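File shown: final37.csv (CSV, C-alpha atoms).
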chain,number,residue,atom,x,y,z
A,1,MET,CA,163.7,135.7,88.5
A,2,ASP,CA,164.6,138.2,91.2
A,3,PHE,CA,162.0,139.4,93.7
A,4,GLU,CA,161.5,142.8,92.0
A,5,LYS,CA,160.6,141.1,88.7
A,6,LEU,CA,158.4,138.6,90.6
A,7,ILE,CA,156.5,141.5,92.3
A,8,GLU,CA,156.0,143.1,88.9
A,9,PHE,CA,154.5,139.8,87.7
A,10,VAL,CA,152.3,139.7,90.8
A,11,ARG,CA,151.2,143.3,90.1
A,12,GLU,CA,150.1,142.3,86.6
A,13,HIS,CA,148.2,139.2,87.8
A,14,ARG,CA,146.9,140.3,91.3
A,15,GLU,CA,143.2,140.1,90.3
A,16,GLU,CA,143.5,136.5,89.2
A,17,ASP,CA,142.8,133.4,91.2
A,18,PRO,CA,146.0,132.2,92.9
A,19,LEU,CA,145.0,128.6,92.6
A,20,LYS,CA,144.5,128.9,88.8
A,21,LEU,CA,147.9,130.6,88.5
A,22,LEU,CA,149.5,127.6,90.3
A,23,LEU,CA,148.3,125.4,87.5
A,24,GLN,CA,150.0,127.6,84.9
A,25,GLN,CA,153.5,126.8,85.9
A,26,LYS,CA,154.3,125.4,82.4
A,27,LYS,CA,153.1,128.6,80.8
A,28,TYR,CA,155.5,130.6,82.8
A,29,PRO,CA,158.5,128.3,83.3
A,30,ASP,CA,160.8,131.1,84.6
A,31,VAL,CA,158.3,132.2,87.3
A,32,ASP,CA,158.0,130.7,90.8
A,33,MET,CA,154.2,130.4,90.7
A,34,THR,CA,154.1,129.1,94.3
A,35,MET,CA,155.7,132.3,95.5
A,36,VAL,CA,153.4,134.4,93.2
A,37,ALA,CA,150.3,132.8,94.7
A,38,GLN,CA,151.7,133.2,98.2
A,39,GLN,CA,152.3,137.0,97.5
A,40,ILE,CA,148.9,137.6,96.0
A,41,GLU,CA,147.2,135.8,98.9
A,42,GLY,CA,149.4,137.7,101.4
A,43,GLN,CA,148.7,141.1,99.8
A,44,ARG,CA,145.0,140.5,99.9
A,45,GLN,CA,145.1,139.4,103.6
A,46,ALA,CA,147.3,142.4,104.5
A,47,LEU,CA,144.6,144.9,103.4
A,48,ALA,CA,142.5,143.8,106.4
A,49,LYS,CA,145.1,142.4,108.8
A,50,TRP,CA,148.2,144.5,108.3
A,51,PRO,CA,147.2,147.6,106.3
A,52,THR,CA,150.6,149.3,106.9
A,53,LEU,CA,152.4,146.3,105.3
A,54,ALA,CA,150.0,146.5,102.4
A,55,SER,CA,151.5,149.8,101.3
A,56,CYS,CA,155.0,148.2,101.2
A,57,GLN,CA,155.2,146.8,97.7
A,58,TYR,CA,158.4,144.7,98.3
A,59,PHE,CA,157.2,143.0,101.5
A,60,LYS,CA,157.6,139.2,101.3
A,61,TYR,CA,154.7,137.3,102.7
A,62,PRO,CA,155.3,133.8,104.2
A,63,PRO,CA,153.1,130.7,103.6
A,64,ARG,CA,149.5,130.8,104.8
A,65,LEU,CA,150.0,129.0,108.1
A,66,ASN,CA,152.6,131.5,109.3
A,67,ARG,CA,150.3,134.4,108.2
A,68,GLU,CA,147.3,132.9,110.1
A,69,GLN,CA,149.4,132.4,113.3
A,70,SER,CA,150.6,136.0,113.3
A,71,SER,CA,149.2,138.9,115.3
A,72,SER,CA,147.1,141.5,113.6
A,73,GLU,CA,148.5,145.0,113.2
A,74,GLU,CA,146.1,146.3,115.9
A,75,ALA,CA,147.2,143.6,118.4
A,76,SER,CA,150.9,144.1,117.8
A,77,ALA,CA,150.5,147.9,118.1
A,78,TYR,CA,148.8,147.3,121.5
A,79,LYS,CA,151.8,145.3,122.6
A,80,THR,CA,154.1,148.2,121.8
A,81,ASP,CA,151.8,150.3,124.0
A,82,ILE,CA,152.4,147.8,126.8
A,83,VAL,CA,156.2,148.2,126.4
A,84,GLU,CA,155.9,151.9,126.6
A,85,ARG,CA,153.8,151.7,129.7
A,86,ILE,CA,156.5,149.6,131.4
A,87,PHE,CA,159.4,151.8,130.4
A,88,GLY,CA,157.9,155.2,129.8
A,89,LYS,CA,159.5,157.7,127.4
A,90,ARG,CA,163.0,156.6,128.1
A,91,GLN,CA,165.8,158.0,126.0
A,92,CYS,CA,168.3,155.2,126.4
A,93,GLU,CA,168.5,152.0,124.4
A,94,LEU,CA,165.8,149.4,124.9
A,95,ARG,CA,166.8,145.8,124.3
A,96,ILE,CA,164.0,143.4,123.2
A,97,ALA,CA,164.3,139.8,122.2
A,98,ASP,CA,161.5,138.0,120.2
A,99,LEU,CA,162.4,134.4,120.7
A,100,THR,CA,159.6,133.0,118.5
A,101,GLY,CA,159.8,135.4,115.6
A,102,GLY,CA,157.6,133.7,113.0
A,103,MET,CA,156.3,136.1,110.4
A,104,GLY,CA,157.8,138.9,112.4
A,105,ILE,CA,154.8,141.2,112.9
A,106,ASP,CA,155.5,141.7,116.6
A,107,SER,CA,159.2,142.2,116.0
A,108,ILE,CA,158.4,144.9,113.4
A,109,ALA,CA,156.1,146.6,115.9
A,110,PHE,CA,158.6,146.5,118.7
A,111,ALA,CA,161.3,148.0,116.4
A,112,LYS,CA,159.1,151.1,116.1
A,113,VAL,CA,159.4,151.8,119.8
A,114,PRO,CA,161.8,154.8,120.3
A,115,GLY,CA,165.3,153.5,121.3
A,116,ALA,CA,164.4,149.9,120.6
A,117,LYS,CA,166.9,147.3,119.4
A,118,VAL,CA,165.2,144.0,118.5
A,119,ASP,CA,166.7,140.5,118.3
A,120,TYR,CA,164.4,138.4,116.2
A,121,VAL,CA,165.0,134.6,116.7
A,122,GLU,CA,163.4,131.9,114.6
A,123,CYS,CA,164.3,128.3,114.0
A,124,ASN,CA,162.8,128.2,110.5
A,125,ALA,CA,165.5,129.3,108.1
A,126,ASP,CA,163.1,130.3,105.3
A,127,LEU,CA,161.3,132.7,107.7
A,128,CYS,CA,164.6,134.2,108.8
A,129,GLN,CA,165.5,134.9,105.2
A,130,LEU,CA,162.1,136.6,104.7
A,131,MET,CA,162.6,138.7,107.9
A,132,ASP,CA,166.1,139.8,106.7
A,133,HIS,CA,164.5,141.0,103.5
A,134,ASN,CA,161.4,142.6,105.1
A,135,ALA,CA,163.4,144.5,107.7
A,136,GLU,CA,165.3,146.1,104.9
A,137,ALA,CA,162.2,146.7,102.8
A,138,LEU,CA,160.6,148.5,105.8
A,139,GLY,CA,163.8,150.5,106.6
A,140,LEU,CA,164.1,148.9,110.0
A,141,SER,CA,167.9,148.7,110.6
A,142,ASN,CA,167.4,148.0,114.3
A,143,ILE,CA,166.2,144.4,113.8
A,144,ALA,CA,168.9,141.7,114.0
A,145,VAL,CA,167.9,138.3,112.6
A,146,HIS,CA,169.1,135.1,114.3
A,147,CYS,CA,168.3,131.6,113.0
A,148,GLY,CA,168.0,128.9,115.8
A,149,ASP,CA,166.0,127.7,118.7
A,150,GLY,CA,165.1,130.7,120.8
A,151,ILE,CA,165.7,129.1,124.2
A,152,GLU,CA,169.1,127.7,123.2
A,153,TRP,CA,170.1,130.9,121.5
A,154,LEU,CA,169.3,132.8,124.7
A,155,ARG,CA,171.1,130.3,126.9
A,156,GLN,CA,174.3,130.4,124.7
A,157,GLY,CA,174.3,134.1,124.1
A,158,GLY,CA,174.1,135.3,127.7
A,159,GLN,CA,172.7,138.7,126.7
A,160,LYS,CA,170.4,140.5,129.3
A,161,TYR,CA,167.3,142.1,127.9
A,162,ASP,CA,164.8,144.7,129.1
A,163,ILE,CA,162.0,142.6,127.6
A,164,ILE,CA,161.9,139.0,126.3
A,165,TYR,CA,158.8,138.3,124.2
A,166,ILE,CA,157.7,134.7,123.5
A,167,ASP,CA,154.8,133.3,121.6
A,168,PRO,CA,154.8,129.5,122.0
A,169,ALA,CA,153.4,127.4,119.2
A,170,ARG,CA,149.9,126.4,120.1
A,171,ARG,CA,149.7,123.2,118.0
A,172,ASP,CA,150.6,119.7,119.1
A,173,THR,CA,152.5,117.1,117.0
A,174,ARG,CA,149.3,116.2,115.1
A,175,GLY,CA,148.5,119.8,114.3
A,176,LYS,CA,145.7,120.1,116.8
A,177,LYS,CA,145.3,123.4,118.6
A,178,VAL,CA,146.2,123.6,122.3
A,179,ALA,CA,146.0,126.3,124.9
A,180,ALA,CA,147.7,125.4,128.1
A,181,PHE,CA,151.3,126.5,128.7
A,182,GLU,CA,152.5,123.0,129.3
A,183,ASP,CA,151.1,121.8,125.9
A,184,CYS,CA,152.8,124.6,123.8
A,185,THR,CA,156.2,124.7,122.3
A,186,PRO,CA,158.4,125.8,123.9
A,187,ASN,CA,156.9,125.1,127.3
A,188,VAL,CA,157.5,128.3,129.2
A,189,LEU,CA,156.9,126.7,132.5
A,190,GLU,CA,160.0,124.5,132.1
A,191,HIS,CA,162.1,127.5,131.2
A,192,ARG,CA,160.8,130.1,133.7
A,193,GLU,CA,164.1,130.4,135.6
A,194,LEU,CA,166.2,130.7,132.5
A,195,LEU,CA,163.9,133.3,130.9
A,196,ALA,CA,163.8,135.3,134.2
A,197,GLU,CA,167.6,135.2,134.4
A,198,PHE,CA,168.0,137.0,131.1
A,199,CYS,CA,165.3,139.7,131.3
A,200,ASP,CA,163.7,142.3,133.5
A,201,HIS,CA,160.3,141.7,132.0
A,202,LEU,CA,158.9,138.6,130.2
A,203,MET,CA,156.0,139.0,127.9
A,204,ILE,CA,154.1,135.8,126.9
A,205,LYS,CA,151.5,135.6,124.3
A,206,ALA,CA,148.9,133.0,125.0
A,207,SER,CA,145.7,131.5,123.6
A,208,PRO,CA,142.5,133.4,124.2
A,209,MET,CA,141.1,130.0,125.4
A,210,MET,CA,143.5,129.8,128.3
A,211,ASP,CA,142.2,130.1,131.9
A,212,ILE,CA,143.6,133.5,133.1
A,213,ASP,CA,143.7,132.5,136.8
A,214,LYS,CA,145.5,129.2,136.1
A,215,GLY,CA,148.1,131.0,133.9
A,216,ILE,CA,148.7,133.5,136.7
A,217,GLU,CA,149.1,130.7,139.2
A,218,GLN,CA,151.4,128.7,137.0
A,219,LEU,CA,153.8,131.5,136.1
A,220,GLY,CA,154.0,132.8,139.7
A,221,ASN,CA,155.3,136.4,139.2
A,222,VAL,CA,152.7,137.9,136.9
A,223,SER,CA,152.3,141.7,137.2
A,224,ASP,CA,149.7,142.2,134.4
A,225,VAL,CA,147.5,140.2,132.1
A,226,TYR,CA,146.2,141.9,129.0
A,227,VAL,CA,143.1,140.5,127.3
A,228,VAL,CA,143.3,141.6,123.7
A,229,ALA,CA,140.2,141.6,121.5
A,230,VAL,CA,140.1,143.1,118.0
A,231,LYS,CA,136.7,144.2,116.6
A,232,ASN,CA,135.0,142.4,119.5
A,233,GLU,CA,136.7,139.1,118.9
A,234,CYS,CA,139.1,137.9,121.6
A,235,LYS,CA,142.4,137.2,119.9
A,236,GLU,CA,145.1,136.7,122.5
A,237,LEU,CA,146.2,137.0,126.1
A,238,VAL,CA,149.5,138.7,127.1
A,239,PHE,CA,151.0,137.8,130.4
A,240,VAL,CA,153.7,140.2,131.7
A,241,CYS,CA,156.0,138.8,134.4
A,242,GLY,CA,158.4,140.8,136.4
A,243,HIS,CA,159.8,141.1,139.9
A,244,THR,CA,156.6,141.7,141.8
A,245,SER,CA,154.8,140.6,144.9
A,246,GLU,CA,151.6,142.5,144.1
A,247,GLU,CA,148.4,141.0,142.8
A,248,ALA,CA,148.2,140.7,139.1
A,249,ARG,CA,146.2,143.4,137.3
A,250,ILE,CA,143.9,142.4,134.5
A,251,HIS,CA,143.5,144.8,131.5
A,252,CYS,CA,140.6,144.3,129.0
A,253,ALA,CA,141.1,146.0,125.6
A,254,ASN,CA,138.7,145.8,122.7
A,255,ILE,CA,140.6,147.4,119.8
A,256,ASN,CA,139.0,148.8,116.7
A,257,PRO,CA,141.0,149.9,113.6
A,258,GLY,CA,142.6,153.3,114.2
A,259,ASP,CA,142.6,153.0,118.0
A,260,ARG,CA,145.8,154.3,119.6
A,261,ILE,CA,144.3,155.2,123.0
A,262,TYR,CA,143.1,152.2,124.9
A,263,ASN,CA,140.3,152.2,127.5
A,264,ASP,CA,141.6,149.3,129.5
A,265,GLU,CA,141.5,150.4,133.2
A,266,PRO,CA,142.9,147.4,135.1
A,267,PHE,CA,141.3,145.5,138.0
A,268,THR,CA,142.3,142.7,140.3
A,269,ARG,CA,140.5,139.6,141.4
A,270,THR,CA,140.3,141.0,144.9
A,271,GLN,CA,138.6,144.1,143.6
A,272,GLU,CA,136.1,141.9,141.7
A,273,SER,CA,135.4,139.8,144.8
A,274,GLN,CA,134.7,142.8,146.9
A,275,ALA,CA,132.5,144.7,144.4
A,276,GLU,CA,128.9,145.4,145.2
A,277,CYS,CA,126.8,143.9,142.4
A,278,VAL,CA,123.1,144.8,142.1
A,279,TYR,CA,120.9,142.1,140.6
A,280,CYS,CA,117.7,143.2,138.8
A,281,LYS,CA,114.2,142.4,139.8
A,282,SER,CA,112.9,143.1,136.3
A,283,VAL,CA,114.5,143.9,133.0
A,284,GLY,CA,114.5,147.6,132.1
A,285,ARG,CA,114.5,149.5,128.8
A,286,TYR,CA,118.1,148.5,128.0
A,287,ILE,CA,120.1,145.3,128.0
A,288,TYR,CA,123.9,145.6,128.0
A,289,GLU,CA,126.3,143.0,126.7
A,290,PRO,CA,130.0,143.4,127.7
A,291,ASP,CA,132.5,143.4,124.8
A,292,ALA,CA,134.6,140.3,124.2
A,293,SER,CA,137.6,141.4,126.2
A,294,LEU,CA,135.4,142.0,129.3
A,295,MET,CA,133.6,138.7,128.8
A,296,LYS,CA,137.0,136.9,128.9
A,297,GLY,CA,138.6,139.1,131.7
A,298,GLY,CA,135.6,138.7,134.0
A,299,PRO,CA,135.0,141.9,136.0
A,300,TYR,CA,131.3,140.9,136.1
A,301,LYS,CA,130.5,142.4,139.5
A,302,LEU,CA,132.6,145.5,139.0
A,303,LEU,CA,130.7,146.3,135.8
A,304,SER,CA,127.5,146.6,137.8
A,305,GLU,CA,129.2,148.7,140.5
A,306,GLN,CA,131.2,151.0,138.2
A,307,TRP,CA,128.6,151.5,135.5
A,308,GLY,CA,125.4,151.7,137.5
A,309,VAL,CA,123.7,148.8,135.7
A,310,GLN,CA,122.0,145.7,137.2
A,311,LYS,CA,123.1,142.2,136.5
A,312,LEU,CA,120.4,139.8,135.2
A,313,ALA,CA,121.6,136.8,137.3
A,314,ARG,CA,124.7,135.6,139.0
A,315,SER,CA,125.7,133.5,135.9
A,316,THR,CA,124.1,135.7,133.3
A,317,HIS,CA,126.7,138.2,132.1
A,318,LEU,CA,124.1,140.7,130.8
A,319,TYR,CA,123.0,143.9,132.5
A,320,THR,CA,120.0,146.2,132.4
A,321,SER,CA,118.8,149.6,133.3
A,322,ASP,CA,115.9,152.0,132.6
A,323,ASP,CA,118.3,154.9,132.0
A,324,LEU,CA,120.9,154.8,129.2
A,325,TYR,CA,124.5,154.6,130.3
A,326,ASP,CA,127.8,154.7,128.4
A,327,TRP,CA,129.1,151.2,127.9
A,328,LYS,CA,132.0,149.0,126.7
A,329,GLY,CA,130.0,146.6,124.5
A,330,ARG,CA,126.7,146.4,122.8
A,331,ILE,CA,123.5,148.1,124.0
A,332,PHE,CA,120.1,146.7,123.1
A,333,CYS,CA,116.8,148.5,123.4
A,334,VAL,CA,114.1,146.2,124.8
A,335,ILE,CA,110.9,146.3,122.6
A,336,CYS,CA,109.0,143.6,124.5
A,337,GLU,CA,109.3,140.4,126.4
A,338,ILE,CA,108.1,137.3,124.5
A,339,GLN,CA,107.4,133.6,125.0
A,340,LEU,CA,110.1,131.7,123.1
A,341,SER,CA,107.9,129.7,120.9
A,342,LYS,CA,107.7,129.6,117.1
A,343,LYS,CA,104.1,130.9,117.1
A,344,ALA,CA,104.7,133.8,119.5
A,345,VAL,CA,107.8,134.9,117.6
A,346,ALA,CA,106.1,134.8,114.3
A,347,THR,CA,103.5,137.3,115.4
A,348,VAL,CA,106.2,139.8,116.3
A,349,ILE,CA,108.7,139.0,113.5
A,350,PRO,CA,106.5,138.1,110.5
A,351,ASP,CA,109.3,138.2,108.0
A,352,GLY,CA,111.1,135.5,110.0
A,353,LYS,CA,114.5,137.3,110.1
A,354,ALA,CA,116.4,138.1,113.3
A,355,HIS,CA,119.6,137.6,115.2
A,356,VAL,CA,119.4,135.2,118.1
A,357,ILE,CA,121.5,135.6,121.2
A,358,ALA,CA,121.6,133.0,123.9
A,359,ARG,CA,123.3,133.8,127.2
A,360,ASN,CA,123.0,131.4,130.2
A,361,TYR,CA,120.2,129.5,128.4
A,362,PRO,CA,119.8,125.7,127.9
A,363,LYS,CA,119.9,125.9,124.1
A,364,ARG,CA,122.6,127.3,121.9
A,365,ALA,CA,121.7,130.3,119.6
A,366,GLU,CA,121.8,128.2,116.4
A,367,GLU,CA,119.6,125.5,117.9
A,368,LEU,CA,117.1,128.1,119.2
A,369,GLN,CA,117.1,129.9,115.9
A,370,ARG,CA,116.0,126.7,114.1
A,371,GLN,CA,113.4,125.9,116.8
A,372,LEU,CA,111.9,129.4,116.4
A,373,GLY,CA,111.9,129.2,112.6
A,374,LEU,CA,114.1,132.2,112.1
A,375,LYS,CA,116.6,133.1,109.5
A,376,GLU,CA,119.7,135.1,110.3
A,377,GLY,CA,119.3,138.7,109.3
A,378,GLY,CA,117.1,141.8,109.7
A,379,GLU,CA,117.4,144.5,112.4
A,380,LEU,CA,115.8,142.7,115.4
A,381,PHE,CA,117.4,140.6,118.1
A,382,VAL,CA,115.9,137.7,120.0
A,383,ILE,CA,117.7,137.5,123.4
A,384,ALA,CA,117.2,134.2,125.3
A,385,THR,CA,118.6,134.3,128.8
A,386,THR,CA,118.0,133.7,132.5
A,387,VAL,CA,116.8,136.5,134.7
A,388,GLY,CA,117.1,135.6,138.4
A,389,THR,CA,116.1,131.9,138.1
A,390,LYS,CA,113.6,132.1,135.2
A,391,LYS,CA,114.2,131.5,131.5
A,392,ARG,CA,113.1,134.6,129.6
A,393,GLY,CA,113.0,135.9,126.0
A,394,PHE,CA,113.2,139.5,124.7
A,395,ILE,CA,112.8,141.2,121.4
A,396,CYS,CA,115.3,144.0,121.0
A,397,CYS,CA,116.8,146.4,118.5
A,398,ASP,CA,119.7,148.8,118.5
A,399,LYS,CA,119.2,152.4,119.7
A,400,LYS,CA,118.8,154.1,116.3
A,401,ASN,CA,115.8,151.9,115.4
A,402,TYR,CA,114.1,151.8,118.8
A,403,GLN,CA,111.3,154.4,118.2
A,404,HIS,CA,110.5,152.9,114.8
A,405,PHE,CA,110.0,149.4,116.1
A,406,LEU,CA,108.2,150.6,119.1
A,407,LYS,CA,105.6,152.2,116.8
A,408,GLU,CA,105.4,149.1,114.7
A,409,MET,CA,104.7,146.9,117.7
A,410,ASN,CA,102.0,149.2,119.0
A,411,LYS,CA,100.0,149.4,115.8

What does this structure look like when you write it as structure tokens?
Amino acid sequence: MDFEKLIEFVREHREEDPLKLLLQQKKYPDVDMTMVAQQIEGQRQALAKWPTLASCQYFKYPPRLNREQSSSEEASAYKTDIVERIFGKRQCELRIADLTGGMGIDSIAFAKVPGAKVDYVECNADLCQLMDHNAEALGLSNIAVHCGDGIEWLRQGGQKYDIIYIDPARRDTRGKKVAAFEDCTPNVLEHRELLAEFCDHLMIKASPMMDIDKGIEQLGNVSDVYVVAVKNECKELVFVCGHTSEEARIHCANINPGDRIYNDEPFTRTQESQAECVYCKSVGRYIYEPDASLMKGGPYKLLSEQWGVQKLARSTHLYTSDDLYDWKGRIFCVICEIQLSKKAVATVIPDGKAHVIARNYPKRAEELQRQLGLKEGGELFVIATTVGTKKRGFICCDKKNYQHFLKEMNK
């Protein structure tokens, strides 16, 4: 059965359970049910993760592991923005090599940059076949597919690139997740000189669990680090290496669907160390929580200086003010301070439903939630934290419900 007929079969059965379809191979002997299940799962995943691909009916989706390891559409679009920042609106050809192609989401994104020609390199022959098919299905004639080890292919080819992009595999031989450069495959630290020889700029995708400062120190010539969060979940770090002697700039981007302009003004560690941070003496009407990208990037003192808010404590990355400020992250309205005991909380939250947040507090949120006898849900938040040197608890809500809850508490 050719792929067009298989897609027609997928269309007819797309509402069915893929696992049940796999058990019906004898009923449909001429249909590759493994591929059918793979396409149904991929199409469903694409609706949320790659909405543009979801509209391409002949896109071939790889197995689940390859899909899970791929960038989201928002994250890959952000990386194309990084490329355009580096090179501007240049009219000449832009040569890009993706040495760890995988599912090809990043290669597809790079191919949409004006003037780009992309070499996709992947050692898995099945993924290469998929990429050949998908580039044609998407009408991207500027992607060339090469099957082989990316490092060896680069070494043997001798082609110089404007950008080399590499996303080392972050699993060890037992399938356990790893984060450090030296534990990934390929180990970019071992190949730094080779990679630098064949490109003007090197882009390395890294685990969001990696220590940013350690990564900068290990690579040695980092110009920029991009902390990429999608819908307030930190997804990846992107290190950009070039010929620079300046201090690395750190960009924090929290991307929401539809974003094409990114509020990620960079900072340096020197700027952070020199910033004037104001610590609060008491908690005001509002508590501010930085978004996931800022929490990872760490401009903690700069946030106080630049936004006019006061930090709760040196190691508490929450902020407060009596006046309402614009903010990158969540804003909570403080209804009251409370003793963090089951009895005290029950008097304020009689239905027993609230979201518990623990920041710089001895107990984890889940443990504290059980201790307080609360169930997840409702519109109230219990924030357990440290203010100065004291452990404190606060009942909060979001801005739209503040006046309502204030009246309820004062009855």

For atom CA of Thr270 of chain A and atom CA of Cys252 of chain A, the interatomic separation in Å (one decimal)
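These two atoms are separated by 16.2 Å.
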
Kindly give the distance, in Å, that separates atom CA of Tyr279 of chain A and atom CA of Trp327 of chain A, rounded to a single decimal.
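That distance, rounded to one decimal, is 17.6 Å.
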
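The nearest approach to Asn187 of chain A among the residues A:Gln218, A:Asn256, A:Gln369, A:Thr386, with all atoms listed in the file taken into account, belongs to A:Gln218.
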
For atom CA of Gln403 of chain A and atom CA of Val309 of chain A, determine how far apart the two atoms are, in Å to one decimal place.
22.2 Å

Under the rule that only C-alpha atoms are counted, which of A:Ala313, A:Ala54, A:Ile395, A:Leu94 is the nearest residue to Leu340 of chain A?
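Closest candidate: A:Ile395.
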
Might you pull out every residue within 10 Å of Ala248 of chain A, with all atoms listed in the file counted and same-chain residues fewer than 2 positions away left off, and present them as a list in words?
Asp213, Ile216, Gly220, Asn221, Val222, Ser223, Asp224, Val225, Phe239, Val240, Cys241, Thr244, Ser245, Glu246, Ile250, His251, Pro266, Phe267, Thr268, Arg269 and Thr270 of chain A

Can you tell me which residues surround segment 161-178 of chain A at a distance of at most 7 Å, considering only C-alpha atoms, apart from same-chain residues fewer than 3 positions away, and format the answer as a PyMOL selection string?
chain A and resi 94-100+183-186+198-206

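If you measure from each of A:Ile349, A:Gly297, A:Ile255, A:Ile287 to Tyr325 of chain A using all atoms listed in the file, the closest one turns out to be A:Ile287.
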
Smallest atom-to-atom distance to Met209 of chain A: which of A:Leu312, A:Met295, A:Ala137, A:Ile151, using all atoms listed in the file?
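Of A:Leu312, A:Met295, A:Ala137, A:Ile151, the one nearest Met209 of chain A, counting all atoms listed in the file, is A:Met295.
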
Show which residues sit within 12 Å of Thr80 of chain A, as a list in words. Count all atoms listed in the file, and ignore same-chain residues fewer than 4 positions away.
Glu73, Glu74, Ala75, Ser76, Glu84, Arg85, Ile86, Phe87, Gly88, Ile96, Ile105, Asp106, Ser107, Ile108, Ala109, Phe110, Ala111, Lys112, Val113, Pro114, Ala116, Ile163, Tyr165, Met203, Val238 and Arg260 of chain A

Of the listed residues A:Tyr286, A:Tyr78, A:Trp153, A:Phe59, that which approaches Asn263 of chain A most closely, counting only C-alpha atoms
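Among A:Tyr286, A:Tyr78, A:Trp153, A:Phe59, it is A:Tyr78 that comes nearest to Asn263 of chain A.
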
Residues within 8 Å of segment 271-274 of chain A, only C-alpha atoms, excluding chain neighbours under 5 positions, as a PyMOL selection string:
chain A and resi 299-302

Skipping near chain neighbours, those fewer than 6 positions away, what residues fall within 6 Å of Cys333 of chain A using all atoms listed in the file, listed as a PyMOL selection string?
chain A and resi 285-286+396-399

From the list A:Lys390, A:Ser72, A:Gly215, A:Gly352, which residue is nearest Leu189 of chain A when using all atoms listed in the file?
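Residue with the minimum atom-to-atom distance to Leu189 of chain A: A:Gly215.
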